[in-house]
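Visitor: Structure: my_file-v6.json, JSON, C-alpha atoms.
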```json
[["chain", "number", "residue", "atom", "x", "y", "z"],
["A", 1, "MET", "CA", 111.92, 82.42, 122.96],
["A", 2, "ASP", "CA", 108.91, 80.25, 123.80],
["A", 3, "ALA", "CA", 105.90, 80.42, 121.51],
["A", 4, "HIS", "CA", 102.26, 80.23, 122.49],
["A", 5, "VAL", "CA", 100.41, 78.53, 119.69],
["A", 6, "LEU", "CA", 96.92, 77.25, 118.90],
["A", 7, "PRO", "CA", 96.86, 73.89, 117.11],
["A", 8, "ILE", "CA", 94.24, 73.90, 114.35],
["A", 9, "GLN", "CA", 93.13, 71.14, 112.00],
["A", 10, "LEU", "CA", 92.33, 71.45, 108.29],
["A", 11, "ASP", "CA", 91.30, 68.14, 106.75],
["A", 12, "SER", "CA", 93.85, 65.67, 108.16],
["A", 13, "ASN", "CA", 96.58, 68.29, 108.65],
["A", 14, "TRP", "CA", 97.48, 70.09, 111.86],
["A", 15, "PHE", "CA", 99.01, 73.57, 111.93],
["A", 16, "PHE", "CA", 99.98, 76.08, 114.59],
["A", 17, "ILE", "CA", 99.00, 79.70, 114.60],
["A", 18, "GLU", "CA", 100.26, 82.18, 117.14],
["A", 19, "ALA", "CA", 97.77, 82.38, 119.99],
["A", 20, "HIS", "CA", 97.85, 86.17, 120.26],
["A", 21, "HIS", "CA", 95.88, 86.40, 116.99],
["A", 22, "VAL", "CA", 92.99, 84.34, 118.31],
["A", 23, "ARG", "CA", 89.89, 86.07, 119.62],
["A", 24, "GLU", "CA", 87.34, 83.28, 119.67],
["A", 25, "VAL", "CA", 86.63, 79.76, 118.47],
["A", 26, "LEU", "CA", 83.03, 79.40, 117.30],
["A", 27, "GLY", "CA", 80.96, 76.66, 115.72],
["A", 28, "ALA", "CA", 79.91, 76.75, 112.08],
["A", 29, "GLU", "CA", 78.69, 80.30, 111.49],
["A", 30, "PRO", "CA", 76.04, 81.43, 108.98],
["A", 31, "TRP", "CA", 77.76, 83.22, 106.13],
["A", 32, "LEU", "CA", 76.81, 84.96, 102.91],
["A", 33, "PRO", "CA", 78.69, 84.40, 99.65],
["A", 34, "ILE", "CA", 80.24, 87.52, 98.17],
["A", 35, "PRO", "CA", 79.25, 88.29, 94.57],
["A", 36, "ARG", "CA", 82.21, 87.74, 92.21],
["A", 37, "SER", "CA", 84.27, 86.55, 95.13],
["A", 38, "ARG", "CA", 87.74, 85.07, 94.96],
["A", 39, "ALA", "CA", 87.92, 81.48, 96.12],
["A", 40, "GLU", "CA", 90.16, 82.51, 99.02],
["A", 41, "LEU", "CA", 87.53, 84.99, 100.23],
["A", 42, "PRO", "CA", 84.23, 83.22, 99.70],
["A", 43, "GLY", "CA", 82.00, 85.16, 102.06],
["A", 44, "VAL", "CA", 81.25, 87.22, 105.11],
["A", 45, "VAL", "CA", 80.16, 86.31, 108.64],
["A", 46, "VAL", "CA", 78.89, 88.54, 111.42],
["A", 47, "TRP", "CA", 80.86, 88.63, 114.65],
["A", 48, "ARG", "CA", 80.02, 90.94, 117.54],
["A", 49, "GLY", "CA", 78.06, 93.32, 115.34],
["A", 50, "ARG", "CA", 80.60, 93.63, 112.57],
["A", 51, "ALA", "CA", 80.98, 92.13, 109.12],
["A", 52, "VAL", "CA", 84.04, 89.90, 109.02],
["A", 53, "PRO", "CA", 85.58, 88.37, 105.89],
["A", 54, "LEU", "CA", 85.63, 84.59, 105.72],
["A", 55, "VAL", "CA", 89.12, 83.48, 104.65],
["A", 56, "ASP", "CA", 89.55, 79.98, 103.20],
["A", 57, "LEU", "CA", 92.76, 79.13, 105.02],
["A", 58, "GLY", "CA", 92.76, 75.55, 103.76],
["A", 59, "ARG", "CA", 92.83, 76.74, 100.17],
["A", 60, "LEU", "CA", 95.55, 79.31, 100.88],
["A", 61, "LEU", "CA", 97.71, 76.63, 102.50],
["A", 62, "GLY", "CA", 97.06, 74.22, 99.65],
["A", 63, "VAL", "CA", 95.54, 71.48, 101.79],
["A", 64, "ALA", "CA", 91.81, 71.97, 101.23],
["A", 65, "LYS", "CA", 89.73, 69.23, 99.77],
["A", 66, "GLY", "CA", 86.42, 70.23, 101.27],
["A", 67, "ALA", "CA", 84.71, 73.57, 100.83],
["A", 68, "ALA", "CA", 85.49, 76.14, 103.52],
["A", 69, "GLN", "CA", 81.86, 76.55, 104.44],
["A", 70, "SER", "CA", 81.46, 72.90, 105.41],
["A", 71, "ARG", "CA", 83.97, 73.03, 108.26],
["A", 72, "PRO", "CA", 82.46, 72.74, 111.75],
["A", 73, "ARG", "CA", 84.48, 75.45, 113.53],
["A", 74, "THR", "CA", 85.13, 79.12, 112.85],
["A", 75, "LEU", "CA", 88.24, 80.76, 114.22],
["A", 76, "ILE", "CA", 88.03, 84.51, 114.73],
["A", 77, "VAL", "CA", 91.46, 86.14, 114.46],
["A", 78, "ARG", "CA", 92.75, 89.68, 114.72],
["A", 79, "HIS", "CA", 95.50, 91.01, 112.50],
["A", 80, "GLU", "CA", 97.05, 94.38, 111.78],
["A", 81, "ARG", "CA", 94.32, 95.46, 109.37],
["A", 82, "GLY", "CA", 91.30, 94.03, 111.12],
["A", 83, "VAL", "CA", 89.50, 90.81, 111.94],
["A", 84, "ALA", "CA", 89.03, 87.64, 109.87],
["A", 85, "ALA", "CA", 87.06, 84.41, 110.22],
["A", 86, "LEU", "CA", 88.82, 81.14, 109.35],
["A", 87, "PRO", "CA", 86.78, 77.96, 108.88],
["A", 88, "ILE", "CA", 88.64, 75.03, 110.47],
["A", 89, "ASP", "CA", 87.86, 71.45, 111.38],
["A", 90, "ALA", "CA", 89.09, 71.49, 114.97],
["A", 91, "ALA", "CA", 91.26, 73.34, 117.48],
["A", 92, "ARG", "CA", 93.07, 72.14, 120.58],
["A", 93, "GLU", "CA", 94.15, 74.03, 123.67],
["A", 94, "VAL", "CA", 96.82, 76.70, 123.39],
["A", 95, "ARG", "CA", 100.29, 75.23, 123.87],
["A", 96, "ARG", "CA", 103.54, 76.71, 125.00],
["A", 97, "ILE", "CA", 106.45, 75.42, 122.92],
["A", 98, "SER", "CA", 110.08, 76.15, 123.64],
["A", 99, "GLY", "CA", 111.99, 78.12, 121.03],
["A", 100, "GLU", "CA", 114.54, 75.32, 120.65],
["A", 101, "ALA", "CA", 111.86, 72.79, 119.70],
["A", 102, "LEU", "CA", 110.57, 74.95, 116.85],
["A", 103, "LYS", "CA", 112.94, 74.62, 113.89],
["A", 104, "SER", "CA", 113.11, 76.68, 110.72],
["A", 105, "VAL", "CA", 111.01, 75.12, 107.97],
["A", 106, "GLN", "CA", 112.80, 72.80, 105.60],
["A", 107, "GLY", "CA", 111.88, 73.00, 101.95],
["A", 108, "GLY", "CA", 109.04, 75.50, 102.26],
["A", 109, "LEU", "CA", 106.33, 73.06, 101.24],
["A", 110, "VAL", "CA", 103.65, 74.88, 103.23],
["A", 111, "PRO", "CA", 102.95, 78.46, 102.12],
["A", 112, "TYR", "CA", 103.46, 80.95, 104.96],
["A", 113, "GLY", "CA", 105.10, 78.30, 107.12],
["A", 114, "THR", "CA", 107.86, 79.84, 109.25],
["A", 115, "ARG", "CA", 108.84, 77.20, 111.80],
["A", 116, "GLU", "CA", 107.92, 73.61, 112.47],
["A", 117, "LEU", "CA", 107.72, 71.13, 115.28],
["A", 118, "ASP", "CA", 108.54, 67.47, 114.94],
["A", 119, "GLU", "CA", 106.00, 65.62, 117.05],
["A", 120, "GLN", "CA", 107.12, 62.00, 117.03],
["A", 121, "GLY", "CA", 107.55, 62.03, 113.28],
["A", 122, "GLU", "CA", 104.60, 64.25, 112.46],
["A", 123, "ILE", "CA", 105.65, 67.72, 111.36],
["A", 124, "VAL", "CA", 103.37, 70.56, 112.47],
["A", 125, "THR", "CA", 104.01, 73.91, 110.78],
["A", 126, "LEU", "CA", 103.61, 77.32, 112.38],
["A", 127, "ILE", "CA", 101.75, 79.64, 109.98],
["A", 128, "ASP", "CA", 102.62, 83.32, 109.65],
["A", 129, "LEU", "CA", 99.03, 84.52, 109.74],
["A", 130, "GLU", "CA", 99.94, 88.19, 109.71],
["A", 131, "THR", "CA", 101.80, 87.93, 106.40],
["A", 132, "LEU", "CA", 99.17, 85.65, 104.88],
["A", 133, "LEU", "CA", 96.34, 88.07, 105.65],
["A", 134, "SER", "CA", 98.43, 91.06, 104.68],
["A", 135, "ASP", "CA", 99.15, 89.51, 101.26],
["A", 136, "LEU", "CA", 95.47, 88.74, 100.80],
["A", 137, "ASP", "CA", 94.64, 92.32, 101.66],
["A", 138, "ARG", "CA", 97.07, 93.62, 99.06],
["A", 139, "ALA", "CA", 95.95, 91.15, 96.39],
["A", 140, "SER", "CA", 92.36, 92.24, 96.87],
["A", 141, "GLY", "CA", 93.22, 95.88, 96.29],
["A", 142, "ALA", "CA", 91.58, 96.68, 99.59],
["A", 143, "HIS", "CA", 93.42, 99.96, 99.95],
["A", 144, "GLY", "CA", 93.80, 100.92, 96.31],
["A", 145, "ASP", "CA", 91.59, 102.63, 93.79],
["A", 146, "GLY", "CA", 91.68, 100.04, 91.09],
["A", 147, "GLY", "CA", 88.60, 98.11, 92.24],
["B", 1, "MET", "CA", 65.21, 108.03, 124.41],
["B", 2, "GLU", "CA", 65.80, 108.51, 120.71],
["B", 3, "ALA", "CA", 64.28, 105.79, 118.52],
["B", 4, "GLU", "CA", 66.71, 103.91, 116.33],
["B", 5, "ARG", "CA", 66.57, 104.82, 112.67],
["B", 6, "THR", "CA", 65.12, 102.38, 110.20],
["B", 7, "LEU", "CA", 66.63, 102.27, 106.73],
["B", 8, "LYS", "CA", 64.77, 101.10, 103.66],
["B", 9, "PHE", "CA", 66.25, 99.19, 100.75],
["B", 10, "LEU", "CA", 65.10, 97.94, 97.40],
["B", 11, "VAL", "CA", 66.21, 94.31, 97.10],
["B", 12, "VAL", "CA", 66.76, 92.77, 93.68],
["B", 13, "GLY", "CA", 66.72, 89.00, 93.20],
["B", 14, "ALA", "CA", 66.62, 86.23, 95.74],
["B", 15, "THR", "CA", 69.11, 85.38, 98.48],
["B", 16, "PRO", "CA", 71.90, 84.46, 98.53],
["B", 17, "ALA", "CA", 72.49, 86.27, 95.23],
["B", 18, "ALA", "CA", 70.28, 89.25, 95.99],
["B", 19, "VAL", "CA", 71.60, 92.78, 96.16],
["B", 20, "ALA", "CA", 70.16, 95.75, 98.05],
["B", 21, "ILE", "CA", 70.06, 99.39, 97.00],
["B", 22, "PRO", "CA", 69.18, 102.21, 99.41],
["B", 23, "ALA", "CA", 65.57, 103.06, 98.57],
["B", 24, "ALA", "CA", 66.25, 106.77, 99.05],
["B", 25, "ALA", "CA", 68.68, 106.65, 96.11],
["B", 26, "VAL", "CA", 66.20, 105.07, 93.70],
["B", 27, "VAL", "CA", 64.68, 107.72, 91.46],
["B", 28, "SER", "CA", 62.49, 105.38, 89.45],
["B", 29, "VAL", "CA", 61.92, 101.75, 88.54],
["B", 30, "LEU", "CA", 61.11, 100.97, 84.93],
["B", 31, "ALA", "CA", 60.27, 97.75, 83.16],
["B", 32, "GLU", "CA", 63.15, 96.94, 80.84],
["B", 33, "ARG", "CA", 60.88, 97.27, 77.82],
["B", 34, "ASP", "CA", 60.01, 100.85, 78.78],
["B", 35, "PHE", "CA", 63.58, 102.14, 79.08],
["B", 36, "THR", "CA", 65.79, 103.69, 76.45],
["B", 37, "GLY", "CA", 69.36, 104.63, 77.24],
["B", 38, "SER", "CA", 72.57, 103.35, 78.75],
["B", 39, "ALA", "CA", 72.54, 101.16, 81.85],
["B", 40, "LEU", "CA", 75.10, 99.13, 83.78],
["B", 41, "ASP", "CA", 74.34, 95.46, 83.33],
["B", 42, "LEU", "CA", 73.89, 94.00, 86.82],
["B", 43, "ARG", "CA", 71.72, 91.09, 85.72],
["B", 44, "ALA", "CA", 74.25, 88.50, 86.92],
["B", 45, "LEU", "CA", 73.69, 89.58, 90.52],
["B", 46, "GLY", "CA", 70.14, 88.26, 90.67],
["B", 47, "ALA", "CA", 71.05, 85.03, 88.95],
["B", 48, "ALA", "CA", 69.69, 82.79, 91.72],
["B", 49, "SER", "CA", 66.22, 84.18, 91.35],
["B", 50, "SER", "CA", 63.55, 82.17, 89.58],
["B", 51, "ASP", "CA", 61.90, 85.46, 88.65],
["B", 52, "THR", "CA", 63.59, 86.49, 85.43],
["B", 53, "SER", "CA", 61.73, 89.76, 84.92],
["B", 54, "GLY", "CA", 63.95, 92.63, 83.86],
["B", 55, "HIS", "CA", 63.96, 96.16, 85.22],
["B", 56, "VAL", "CA", 66.06, 99.27, 84.94],
["B", 57, "LEU", "CA", 66.55, 101.20, 88.17],
["B", 58, "LEU", "CA", 67.48, 104.83, 87.90],
["B", 59, "VAL", "CA", 69.56, 105.64, 90.97],
["B", 60, "ARG", "CA", 70.90, 108.93, 92.18],
["B", 61, "GLY", "CA", 74.63, 109.36, 92.00],
["B", 62, "ALA", "CA", 76.67, 112.47, 92.64],
["B", 63, "GLY", "CA", 75.97, 113.52, 89.06],
["B", 64, "ALA", "CA", 73.25, 112.40, 86.70],
["B", 65, "PRO", "CA", 71.12, 109.37, 87.63],
["B", 66, "ILE", "CA", 72.69, 106.03, 86.71],
["B", 67, "GLY", "CA", 70.71, 103.25, 85.04],
["B", 68, "LEU", "CA", 71.11, 99.77, 86.55],
["B", 69, "ARG", "CA", 69.77, 96.89, 84.49],
["B", 70, "VAL", "CA", 68.72, 94.12, 86.88],
["B", 71, "ARG", "CA", 66.98, 90.78, 86.79],
["B", 72, "GLY", "CA", 64.72, 89.16, 89.37],
["B", 73, "GLY", "CA", 61.91, 90.17, 91.65],
["B", 74, "LEU", "CA", 61.96, 93.46, 93.53],
["B", 75, "ASP", "CA", 61.22, 93.72, 97.25],
["B", 76, "LEU", "CA", 61.33, 96.40, 99.89],
["B", 77, "LEU", "CA", 63.36, 95.66, 103.01],
["B", 78, "SER", "CA", 63.48, 97.65, 106.24],
["B", 79, "ALA", "CA", 66.47, 97.26, 108.54],
["B", 80, "ARG", "CA", 67.48, 98.93, 111.78],
["B", 81, "GLU", "CA", 70.55, 101.09, 111.41],
["B", 82, "ALA", "CA", 72.50, 98.74, 113.71],
["B", 83, "GLU", "CA", 71.77, 95.86, 111.34],
["B", 84, "VAL", "CA", 73.46, 97.59, 108.41],
["B", 85, "LEU", "CA", 77.14, 96.82, 108.85],
["B", 86, "PRO", "CA", 79.97, 98.43, 106.87],
["B", 87, "LEU", "CA", 81.98, 95.92, 104.87],
["B", 88, "PRO", "CA", 85.74, 95.74, 105.47],
["B", 89, "PRO", "CA", 87.74, 96.98, 102.45],
["B", 90, "LEU", "CA", 89.20, 93.49, 102.02],
["B", 91, "VAL", "CA", 85.89, 92.31, 100.57],
["B", 92, "GLY", "CA", 83.95, 95.49, 99.96],
["B", 93, "ARG", "CA", 86.17, 97.06, 97.33],
["B", 94, "PHE", "CA", 86.54, 93.88, 95.33],
["B", 95, "ALA", "CA", 82.81, 93.15, 95.31],
["B", 96, "TRP", "CA", 81.73, 96.79, 94.82],
["B", 97, "MET", "CA", 79.50, 96.45, 97.86],
["B", 98, "SER", "CA", 79.50, 98.89, 100.76],
["B", 99, "HIS", "CA", 77.46, 97.26, 103.53],
["B", 100, "LEU", "CA", 75.98, 94.00, 104.74],
["B", 101, "ILE", "CA", 72.43, 93.84, 106.07],
["B", 102, "ALA", "CA", 72.34, 91.34, 108.91],
["B", 103, "PRO", "CA", 69.06, 91.16, 110.84],
["B", 104, "ARG", "CA", 69.66, 89.63, 114.30],
["B", 105, "GLY", "CA", 73.27, 89.02, 113.35],
["B", 106, "VAL", "CA", 72.51, 86.75, 110.38],
["B", 107, "PRO", "CA", 74.01, 87.95, 107.08],
["B", 108, "LEU", "CA", 71.18, 88.45, 104.59],
["B", 109, "VAL", "CA", 72.12, 90.71, 101.68],
["B", 110, "PHE", "CA", 74.88, 93.04, 100.48],
["B", 111, "VAL", "CA", 74.33, 96.70, 99.65],
["B", 112, "LEU", "CA", 75.61, 97.97, 96.32],
["B", 113, "ASP", "CA", 78.32, 100.62, 96.66],
["B", 114, "LEU", "CA", 76.55, 103.44, 94.82],
["B", 115, "ALA", "CA", 79.26, 105.97, 95.57],
["B", 116, "ARG", "CA", 81.68, 104.04, 93.37],
["B", 117, "LEU", "CA", 79.15, 103.55, 90.61],
["B", 118, "ASP", "CA", 78.93, 107.22, 89.88],
["B", 119, "GLU", "CA", 79.92, 107.87, 86.29],
["B", 120, "SER", "CA", 83.12, 109.60, 87.24],
["B", 121, "HIS", "CA", 84.28, 106.65, 89.35],
["B", 122, "THR", "CA", 83.52, 103.63, 87.21],
["B", 123, "VAL", "CA", 87.11, 102.78, 86.32],
["B", 124, "GLY", "CA", 87.48, 99.07, 86.96],
["B", 125, "CYS", "CA", 83.74, 98.60, 87.36],
["B", 126, "PRO", "CA", 82.87, 94.91, 86.86],
["B", 127, "TRP", "CA", 79.57, 95.71, 85.14],
["B", 128, "GLU", "CA", 79.59, 97.00, 81.59],
["B", 129, "ALA", "CA", 77.31, 99.74, 80.34],
["B", 130, "HIS", "CA", 74.97, 98.69, 77.54],
["B", 131, "THR", "CA", 72.34, 100.49, 75.57],
["B", 132, "VAL", "CA", 68.86, 99.28, 76.44],
["B", 133, "GLU", "CA", 66.13, 99.83, 73.91],
["B", 134, "PRO", "CA", 62.40, 99.30, 74.20],
["B", 135, "GLU", "CA", 60.91, 96.16, 72.72],
["B", 136, "THR", "CA", 59.19, 96.66, 69.41]]
```
Can you turn what I pasted into structure tokens?

Guide:
Amino acid sequence: MDAHVLPIQLDSNWFFIEAHHVREVLGAEPWLPIPRSRAELPGVVVWRGRAVPLVDLGRLLGVAKGAAQSRPRTLIVRHERGVAALPIDAAREVRRISGEALKSVQGGLVPYGTRELDEQGEIVTLIDLETLLSDLDRASGAHGDGG
Amino acid sequence: MEAERTLKFLVVGATPAAVAIPAAAVVSVLAERDFTGSALDLRALGAASSDTSGHVLLVRGAGAPIGLRVRGGLDLLSAREAEVLPLPPLVGRFAWMSHLIAPRGVPLVFVLDLARLDESHTVGCPWEAHTVEPET
């Protein structure tokens, strides 16, 4: 089955995320650091009248050198449990990629990578955003009583 | 047309490390040196403030008032109800904050989750209770 993906850049790396998650691509948004925050969840932004957690995708994927807050774009994504803001360096237009071109990941070097595309020698990994955000949700005890 | 409600908060410390407490929940504000008793130590929250004065806020919980030991200047802040946004559980539960105050859509200060600070719900609370005694 064909996939509709949004190419996003973090530092010098390009990744794909499924386009159906994407609500908006914004510039650098003002954000507020969360007291006692985890590095993966450094702060909160406001989007369309709601508080939205800022998720440091670069850190979660193990590619971040720069701080999340210094990235020039903010990707607003929807997932099963809500909305999140992802600081990124750049995004390109949504692409349609044939199912045959996307191969299963080899070696699992990128966390949450499910499939990958070989683009003239450069491997671009498709990230399972739903699982990534779901894991973050669980790790933060968002729906538990333990604080 | 019904006028939008304005909510008042007591803000402790300076942004970005400030924290807001609903003013209606504050029973009294005491200088640290005038308080005797047990208080949760929230002094780390105002750490960015250059004002190092210490206070104990007595806030209304479901049971007896809770003492909050804080550091930094105190200010009153008014915000329209629409500017006080509930925090998603993903960040709110971990930080023990319930809302974000965001005037004109710009995030300014978090609101302490008083409901969880009630004595009967402090399991896992990141702030320890200490005995505060007046200076001699």

Visitor: Please determine, counting only C-alpha atoms, which residue among A:Ala28, A:Val94, A:Leu54, A:Val5 has the shortest atom-to-atom distance to Ile127 of chain A.

Guide: A:Val5

Visitor: Which residues are close to segment 93-97 of chain B, i.e. within 12 Å by only C-alpha atoms, leaving aside same-chain residues fewer than 5 positions away? Reply as an NGL selection string.

Guide: (:A and (33-38 or 41-44 or 53 or 136-147)) or (:B and (18-22 or 42 or 45 or 85-88 or 109-118 or 121-127))

Visitor: Expressed in Å to a single decimal, how great is the separation between atom CA of Val56 of chain B and atom CA of Ala23 of chain B?

Guide: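 These atoms are spaced 14.2 Å apart.
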
Visitor: Kindly indicate which residue among A:Leu86, A:Val63, A:Leu126, A:Leu26 lies nearest to Asp11 of chain A, using all atoms listed in the file for the distances.

Guide: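 For Asp11 of chain A, the nearest of the candidates is A:Val63.
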
Visitor: Please compute the atom CA of Leu10 of chain B-atom CA of Ala39 of chain A distance, one decimal, in Å.

Guide: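 About the pair atom CA of Leu10 of chain B and atom CA of Ala39 of chain A: they are 28.2 Å apart.
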
Visitor: Could you list as a PyMOL selection string every residue that has an atom within 12 Å of (68.9, 91.5, 113.8), using the file's coordinates and counting all atoms listed in the file?

Guide: (chain A and resi 46+48-50) or (chain B and resi 78-85+100-108)

Visitor: Find the residues around Glu130 of chain A up to 8 Å (all atoms listed in the file counted), leave out those fewer than 4 positions away in its own chain, and share them as an mmCIF file with C-alpha atoms, in the coordinates of the input.

Guide:
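Once written, out.cif looks like this:
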```cif
data_model
loop_
_atom_site.group_PDB
_atom_site.id
_atom_site.type_symbol
_atom_site.label_atom_id
_atom_site.label_comp_id
_atom_site.auth_asym_id
_atom_site.auth_seq_id
_atom_site.Cartn_x
_atom_site.Cartn_y
_atom_site.Cartn_z
ATOM 1 C CA HIS A 79 95.500 91.010 112.500
ATOM 2 C CA GLU A 80 97.050 94.380 111.780
ATOM 3 C CA SER A 134 98.430 91.060 104.680
#
```

Visitor: Any idea what's packed within 12 Å of Glu133 of chain B, counting only C-alpha atoms, ignoring anything in its chain fewer than 3 positions away? Could you give it as a VMD selection string?

Guide: chain B and resid 31 to 39 56 69 130 136

Visitor: Deliver the residues from the most recent selection as a file, using C-alpha atoms, as a CSV table (one decimal), in the frame of the given file.

Guide:
```
chain,number,residue,atom,x,y,z
B,31,ALA,CA,60.3,97.8,83.2
B,32,GLU,CA,63.2,96.9,80.8
B,33,ARG,CA,60.9,97.3,77.8
B,34,ASP,CA,60.0,100.8,78.8
B,35,PHE,CA,63.6,102.1,79.1
B,36,THR,CA,65.8,103.7,76.4
B,37,GLY,CA,69.4,104.6,77.2
B,38,SER,CA,72.6,103.4,78.8
B,39,ALA,CA,72.5,101.2,81.8
B,56,VAL,CA,66.1,99.3,84.9
B,69,ARG,CA,69.8,96.9,84.5
B,130,HIS,CA,75.0,98.7,77.5
B,136,THR,CA,59.2,96.7,69.4
```

Visitor: As an exercise, work out the distance from atom CA of Leu117 of chain A to atom CA of Thr131 of chain A in Å and give it to one decimal place.

Guide: 19.9 Å

Visitor: Do you know which residues are at most 9 Å from Leu40 of chain B counting only C-alpha atoms, after dropping those on the same chain fewer than 4 positions away, and could you put them as a PyMOL selection string?

Guide: chain B and resi 66-70+127-131

Visitor: Using only C-alpha atoms, which of the listed residues (A:Pro87, A:Gly107, A:Gly82, A:Gly113) sits closest to chain B?

Guide: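 Residue with the minimum atom-to-atom distance to chain B: A:Gly82.
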
Visitor: Determine, counting all atoms listed in the file, which protein, DNA and RNA residues have an atom within 10 Å of an atom of Ala19 of chain A; residues of the same chain fewer than 5 positions away are not included. Present the result as a ChimeraX atom specification.

Guide: /A:3-7,77,93-96

Visitor: Find, counting all atoms listed in the file, the residue in A:Arg59, A:Arg73, A:Arg92, A:Arg78 that gets nearest to Val110 of chain A.

Guide: A:Arg59

Visitor: So, with only C-alpha atoms as the atoms that count, which of A:Glu18, A:Asp118, A:Glu29, A:Asp128 lies closest to chain B?

Guide: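 Looking at the shortest contact to chain B, the residue is A:Glu29.
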
Visitor: Counting only C-alpha atoms, I want the residues whose atoms come within 8 Å of (67.7, 108.5, 85.0) in the file frame, returned as an mmCIF file with C-alpha atoms, in the frame of the given file.

Guide:
```cif
data_model
loop_
_atom_site.group_PDB
_atom_site.id
_atom_site.type_symbol
_atom_site.label_atom_id
_atom_site.label_comp_id
_atom_site.auth_asym_id
_atom_site.auth_seq_id
_atom_site.Cartn_x
_atom_site.Cartn_y
_atom_site.Cartn_z
ATOM 1 C CA VAL B 27 64.680 107.720 91.460
ATOM 2 C CA SER B 28 62.490 105.380 89.450
ATOM 3 C CA LEU B 58 67.480 104.830 87.900
ATOM 4 C CA VAL B 59 69.560 105.640 90.970
ATOM 5 C CA ARG B 60 70.900 108.930 92.180
ATOM 6 C CA ALA B 64 73.250 112.400 86.700
ATOM 7 C CA PRO B 65 71.120 109.370 87.630
ATOM 8 C CA ILE B 66 72.690 106.030 86.710
ATOM 9 C CA GLY B 67 70.710 103.250 85.040
#
```

Visitor: Nearest residue to chain B out of A:Glu40, A:Glu24, A:Glu119, A:Asp89, using all atoms listed in the file?

Guide: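 Smallest separation from chain B among the options: A:Glu40.
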